[in-house]
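**Student:** Below are the structure tokens for one structure; questions will follow.
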Amino acid sequence: MIESQKLPFEVIRARRAGARLAAVQALYQMEQTGQSGKAVVREFMEDRLGFGPDEEPIEEADPDLFKFVVNAVIENQSKVDAAILARLSKGWKLSRLDSTTRAILRAAAAELIEHQELSNAVILDEYVSLAHDFFEKSEANFVNAVLENVAKDLRATQ
């Protein structure tokens, strides 16, 4: 039996939410610093998502999901960005978006592509919640609207 099967659902859900938050932070850091995905993932695993001296996680986040999301964005970058761009107003560029908004949209779009077993509602709920944590209601509503349309586009073609 794997460890996650022993944990209560609430703990598993909290660890997944923590992983998605960490993935958004890692994507933001990669963009701001120019560090490679591999370097940022390693840093997060060692300093933020690693294990402390008592072998307990330093941060309550699922390290496998964290790595999965960051790598999914990197591996699907052109498809992810094209899907987001298609749902922005005509003439808008990704660079006009706030860096955190861009990271949230990219992580969500990558999960929509790679996590076919998860419903749109689960993925959107997670990332719109993150948007609410970072922004005022209007920006979170913008993230929600873009992601609803991106989900329709990405999942309709697969």
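Each chain in the structure tokens gets a letter, A, B and so on, in the order shown; residues start at 1 in every chain, and ligands are counted from 1 in the order they appear.
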Any idea what's packed within 10 Å of segment 72-81 of chain A, counting only C-alpha atoms, ignoring anything in its chain fewer than 6 positions away? Could you give it as an MDAnalysis selection string?
**Tutor:** chainID A and resid 23 27 36:38 66 93:94 102:103 105:115 150 154
**Student:** Would you pick out the contacts of Ile12 of chain A at 12 Å or less, using only C-alpha atoms, so that residues sharing its chain but fewer than 3 positions from it are not included, and give the list as a ChimeraX atom specification?
**Tutor:** /A:3-9,15-19,60-63,65
**Student:** Mind dumping the selected residues with N, CA and C atoms as a compact mmCIF listing (two decimals), in the first residue's frame?
**Tutor:**
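Result saved to result.txt:
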# COMPACT_ATOMS: atom_id res chain seq x y z
N GLU A 3 1.89 5.21 0.59
CA GLU A 3 1.70 6.09 1.74
C GLU A 3 0.44 6.95 1.62
N SER A 4 0.18 7.49 0.43
CA SER A 4 -0.97 8.39 0.30
C SER A 4 -2.29 7.68 0.56
N GLN A 5 -2.34 6.36 0.38
CA GLN A 5 -3.57 5.63 0.65
C GLN A 5 -3.85 5.55 2.15
N LYS A 6 -2.86 5.78 2.97
CA LYS A 6 -3.02 5.73 4.41
C LYS A 6 -3.47 7.07 4.98
N LEU A 7 -3.33 8.13 4.21
CA LEU A 7 -3.65 9.46 4.70
C LEU A 7 -5.13 9.78 4.49
N PRO A 8 -5.70 10.56 5.41
CA PRO A 8 -7.09 11.00 5.21
C PRO A 8 -7.19 11.89 3.97
N PHE A 9 -8.35 11.89 3.33
CA PHE A 9 -8.57 12.65 2.11
C PHE A 9 -8.22 14.13 2.30
N ARG A 15 -2.14 18.52 0.69
CA ARG A 15 -0.81 18.32 0.11
C ARG A 15 -0.81 18.61 -1.39
N ARG A 16 -1.89 18.28 -2.07
CA ARG A 16 -1.99 18.58 -3.51
C ARG A 16 -2.10 20.08 -3.73
N ALA A 17 -2.88 20.75 -2.90
CA ALA A 17 -3.00 22.21 -3.01
C ALA A 17 -1.64 22.85 -2.74
N GLY A 18 -0.91 22.34 -1.76
CA GLY A 18 0.43 22.85 -1.47
C GLY A 18 1.39 22.64 -2.63
N ALA A 19 1.25 21.51 -3.31
CA ALA A 19 2.10 21.22 -4.47
C ALA A 19 1.80 22.18 -5.61
N GLU A 60 4.02 21.04 3.76
CA GLU A 60 2.99 20.05 3.44
C GLU A 60 2.59 20.18 1.98
N ALA A 61 3.34 19.52 1.14
CA ALA A 61 3.05 19.53 -0.29
C ALA A 61 3.47 18.19 -0.87
N ASP A 62 2.74 17.74 -1.87
CA ASP A 62 3.03 16.49 -2.54
C ASP A 62 4.19 16.74 -3.52
N PRO A 63 5.38 16.24 -3.23
CA PRO A 63 6.53 16.53 -4.09
C PRO A 63 6.39 15.95 -5.49
N LEU A 65 3.56 15.58 -7.26
CA LEU A 65 2.67 16.45 -8.02
C LEU A 65 3.37 17.75 -8.36
**Student:** List the neighbours of Ser95 of chain A out to 12 Å using only C-alpha atoms; skip same-chain residues closer than 4 positions along the sequence, and give me the result as JSON, numbers by chain.
**Tutor:** {"A": [31, 81, 84, 85, 88, 91, 99, 100, 101, 102, 103]}
**Student:** So which bits of segment 98-141 of chain A end up helix (DSSP H, G or I) when you DSSP the backbone, as a PDB file with N, CA and C atoms, in the first residue's frame?
**Tutor:**
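Final output, saved to selection04.pdb:
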ATOM      1  N   SER A  99       2.964  38.380 -13.782  1.00  0.00           N
ATOM      2  CA  SER A  99       3.775  37.151 -13.752  1.00  0.00           C
ATOM      3  C   SER A  99       3.116  36.029 -12.958  1.00  0.00           C
ATOM      4  N   THR A 100       2.480  36.370 -11.860  1.00  0.00           N
ATOM      5  CA  THR A 100       1.812  35.346 -11.054  1.00  0.00           C
ATOM      6  C   THR A 100       0.587  34.801 -11.791  1.00  0.00           C
ATOM      7  N   THR A 101      -0.152  35.677 -12.433  1.00  0.00           N
ATOM      8  CA  THR A 101      -1.304  35.233 -13.222  1.00  0.00           C
ATOM      9  C   THR A 101      -0.843  34.284 -14.320  1.00  0.00           C
ATOM     10  N   ARG A 102       0.225  34.656 -14.986  1.00  0.00           N
ATOM     11  CA  ARG A 102       0.775  33.819 -16.056  1.00  0.00           C
ATOM     12  C   ARG A 102       1.178  32.449 -15.521  1.00  0.00           C
ATOM     13  N   ALA A 103       1.809  32.411 -14.362  1.00  0.00           N
ATOM     14  CA  ALA A 103       2.224  31.135 -13.761  1.00  0.00           C
ATOM     15  C   ALA A 103       1.013  30.272 -13.398  1.00  0.00           C
ATOM     16  N   ILE A 104      -0.024  30.890 -12.860  1.00  0.00           N
ATOM     17  CA  ILE A 104      -1.239  30.145 -12.504  1.00  0.00           C
ATOM     18  C   ILE A 104      -1.881  29.567 -13.761  1.00  0.00           C
ATOM     19  N   LEU A 105      -2.031  30.389 -14.789  1.00  0.00           N
ATOM     20  CA  LEU A 105      -2.657  29.929 -16.029  1.00  0.00           C
ATOM     21  C   LEU A 105      -1.847  28.811 -16.675  1.00  0.00           C
ATOM     22  N   ARG A 106      -0.540  28.951 -16.677  1.00  0.00           N
ATOM     23  CA  ARG A 106       0.303  27.924 -17.292  1.00  0.00           C
ATOM     24  C   ARG A 106       0.219  26.603 -16.537  1.00  0.00           C
ATOM     25  N   ALA A 107       0.275  26.665 -15.220  1.00  0.00           N
ATOM     26  CA  ALA A 107       0.196  25.428 -14.430  1.00  0.00           C
ATOM     27  C   ALA A 107      -1.142  24.728 -14.647  1.00  0.00           C
ATOM     28  N   ALA A 108      -2.211  25.492 -14.624  1.00  0.00           N
ATOM     29  CA  ALA A 108      -3.538  24.905 -14.825  1.00  0.00           C
ATOM     30  C   ALA A 108      -3.669  24.306 -16.220  1.00  0.00           C
ATOM     31  N   ALA A 109      -3.219  25.030 -17.226  1.00  0.00           N
ATOM     32  CA  ALA A 109      -3.316  24.525 -18.603  1.00  0.00           C
ATOM     33  C   ALA A 109      -2.495  23.247 -18.767  1.00  0.00           C
ATOM     34  N   ALA A 110      -1.331  23.204 -18.169  1.00  0.00           N
ATOM     35  CA  ALA A 110      -0.504  21.998 -18.256  1.00  0.00           C
ATOM     36  C   ALA A 110      -1.196  20.812 -17.601  1.00  0.00           C
ATOM     37  N   GLU A 111      -1.847  21.046 -16.475  1.00  0.00           N
ATOM     38  CA  GLU A 111      -2.585  19.954 -15.837  1.00  0.00           C
ATOM     39  C   GLU A 111      -3.787  19.523 -16.678  1.00  0.00           C
ATOM     40  N   LEU A 112      -4.435  20.466 -17.327  1.00  0.00           N
ATOM     41  CA  LEU A 112      -5.544  20.106 -18.203  1.00  0.00           C
ATOM     42  C   LEU A 112      -5.066  19.191 -19.331  1.00  0.00           C
ATOM     43  N   ILE A 113      -3.862  19.415 -19.798  1.00  0.00           N
ATOM     44  CA  ILE A 113      -3.289  18.593 -20.863  1.00  0.00           C
ATOM     45  C   ILE A 113      -2.860  17.228 -20.322  1.00  0.00           C
ATOM     46  N   GLU A 114      -2.153  17.223 -19.221  1.00  0.00           N
ATOM     47  CA  GLU A 114      -1.499  16.008 -18.733  1.00  0.00           C
ATOM     48  C   GLU A 114      -2.308  15.180 -17.739  1.00  0.00           C
ATOM     49  N   ASN A 120     -12.270  18.894 -15.249  1.00  0.00           N
ATOM     50  CA  ASN A 120     -11.999  20.327 -15.385  1.00  0.00           C
ATOM     51  C   ASN A 120     -12.300  21.045 -14.077  1.00  0.00           C
ATOM     52  N   ALA A 121     -13.402  20.660 -13.439  1.00  0.00           N
ATOM     53  CA  ALA A 121     -13.834  21.331 -12.213  1.00  0.00           C
ATOM     54  C   ALA A 121     -12.777  21.240 -11.115  1.00  0.00           C
ATOM     55  N   VAL A 122     -12.151  20.090 -10.963  1.00  0.00           N
ATOM     56  CA  VAL A 122     -11.127  19.916  -9.918  1.00  0.00           C
ATOM     57  C   VAL A 122      -9.940  20.829 -10.201  1.00  0.00           C
ATOM     58  N   ILE A 123      -9.455  20.795 -11.430  1.00  0.00           N
ATOM     59  CA  ILE A 123      -8.278  21.595 -11.783  1.00  0.00           C
ATOM     60  C   ILE A 123      -8.592  23.086 -11.670  1.00  0.00           C
ATOM     61  N   LEU A 124      -9.709  23.512 -12.230  1.00  0.00           N
ATOM     62  CA  LEU A 124     -10.062  24.928 -12.175  1.00  0.00           C
ATOM     63  C   LEU A 124     -10.267  25.402 -10.747  1.00  0.00           C
ATOM     64  N   ASP A 125     -10.915  24.596  -9.930  1.00  0.00           N
ATOM     65  CA  ASP A 125     -11.142  24.977  -8.534  1.00  0.00           C
ATOM     66  C   ASP A 125      -9.819  25.224  -7.810  1.00  0.00           C
ATOM     67  N   GLU A 126      -8.858  24.346  -8.024  1.00  0.00           N
ATOM     68  CA  GLU A 126      -7.559  24.489  -7.360  1.00  0.00           C
ATOM     69  C   GLU A 126      -6.857  25.791  -7.752  1.00  0.00           C
ATOM     70  N   TYR A 127      -6.822  26.065  -9.053  1.00  0.00           N
ATOM     71  CA  TYR A 127      -6.062  27.228  -9.515  1.00  0.00           C
ATOM     72  C   TYR A 127      -6.819  28.541  -9.332  1.00  0.00           C
ATOM     73  N   VAL A 128      -8.126  28.515  -9.412  1.00  0.00           N
ATOM     74  CA  VAL A 128      -8.892  29.729  -9.133  1.00  0.00           C
ATOM     75  C   VAL A 128      -8.776  30.057  -7.641  1.00  0.00           C
ATOM     76  N   SER A 129      -8.728  29.041  -6.791  1.00  0.00           N
ATOM     77  CA  SER A 129      -8.494  29.285  -5.350  1.00  0.00           C
ATOM     78  C   SER A 129      -7.156  29.961  -5.134  1.00  0.00           C
ATOM     79  N   LEU A 130      -6.137  29.506  -5.863  1.00  0.00           N
ATOM     80  CA  LEU A 130      -4.826  30.165  -5.761  1.00  0.00           C
ATOM     81  C   LEU A 130      -4.913  31.619  -6.218  1.00  0.00           C
ATOM     82  N   ALA A 131      -5.638  31.855  -7.301  1.00  0.00           N
ATOM     83  CA  ALA A 131      -5.789  33.227  -7.782  1.00  0.00           C
ATOM     84  C   ALA A 131      -6.441  34.102  -6.713  1.00  0.00           C
ATOM     85  N   HIS A 132      -7.431  33.556  -6.006  1.00  0.00           N
ATOM     86  CA  HIS A 132      -8.072  34.310  -4.926  1.00  0.00           C
ATOM     87  C   HIS A 132      -7.091  34.590  -3.794  1.00  0.00           C
ATOM     88  N   ASP A 133      -6.145  33.676  -3.570  1.00  0.00           N
ATOM     89  CA  ASP A 133      -5.141  33.890  -2.524  1.00  0.00           C
ATOM     90  C   ASP A 133      -4.184  35.029  -2.873  1.00  0.00           C
ATOM     91  N   PHE A 134      -3.916  35.207  -4.157  1.00  0.00           N
ATOM     92  CA  PHE A 134      -2.945  36.203  -4.603  1.00  0.00           C
ATOM     93  C   PHE A 134      -3.570  37.546  -4.982  1.00  0.00           C
ATOM     94  N   LYS A 137     -10.770  40.045  -6.237  1.00  0.00           N
ATOM     95  CA  LYS A 137     -11.806  39.248  -6.892  1.00  0.00           C
ATOM     96  C   LYS A 137     -11.788  39.404  -8.416  1.00  0.00           C
ATOM     97  N   SER A 138     -11.581  40.606  -8.916  1.00  0.00           N
ATOM     98  CA  SER A 138     -11.648  40.821 -10.368  1.00  0.00           C
ATOM     99  C   SER A 138     -10.563  40.035 -11.098  1.00  0.00           C
ATOM    100  N   GLU A 139      -9.355  39.981 -10.554  1.00  0.00           N
ATOM    101  CA  GLU A 139      -8.278  39.223 -11.199  1.00  0.00           C
ATOM    102  C   GLU A 139      -8.540  37.723 -11.095  1.00  0.00           C
ATOM    103  N   ALA A 140      -9.054  37.281  -9.958  1.00  0.00           N
ATOM    104  CA  ALA A 140      -9.399  35.862  -9.797  1.00  0.00           C
ATOM    105  C   ALA A 140     -10.519  35.480 -10.760  1.00  0.00           C
ATOM    106  N   ASN A 141     -11.476  36.375 -10.963  1.00  0.00           N
ATOM    107  CA  ASN A 141     -12.546  36.114 -11.931  1.00  0.00           C
ATOM    108  C   ASN A 141     -11.996  36.033 -13.353  1.00  0.00           C
TER     109      ASN A 141
END
**Student:** Between atom CA of Glu148 of chain A and atom CA of Gln25 of chain A, what is the spacing in Å?
**Tutor:**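 Between atom CA of Gln25 of chain A and atom CA of Glu148 of chain A the gap works out to 22.0 Å.
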**Student:** Give the answer as one residue: which of A:Asp64, A:Arg155, A:Asp98, A:Ser119 has the shortest atom-to-atom distance to Val143 of chain A, using only C-alpha atoms?
**Tutor:**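 Between A:Asp64, A:Arg155, A:Asp98, A:Ser119, the residue approaching Val143 of chain A most closely is A:Asp98.
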**Student:** So the first atom is atom CA of Leu147 of chain A and the second is atom CA of Ala86 of chain A; what is the distance between them in Å, to one decimal place?
**Tutor:**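 Taking atom CA of Leu147 of chain A as the start and atom CA of Ala86 of chain A as the end point, the length is 11.2 Å.
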**Student:** Take atom CA of Ala156 of chain A and atom CA of Val69 of chain A and report the distance between them in Å, one decimal.
**Tutor:**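 Distance between the two atoms: 20.9 Å.
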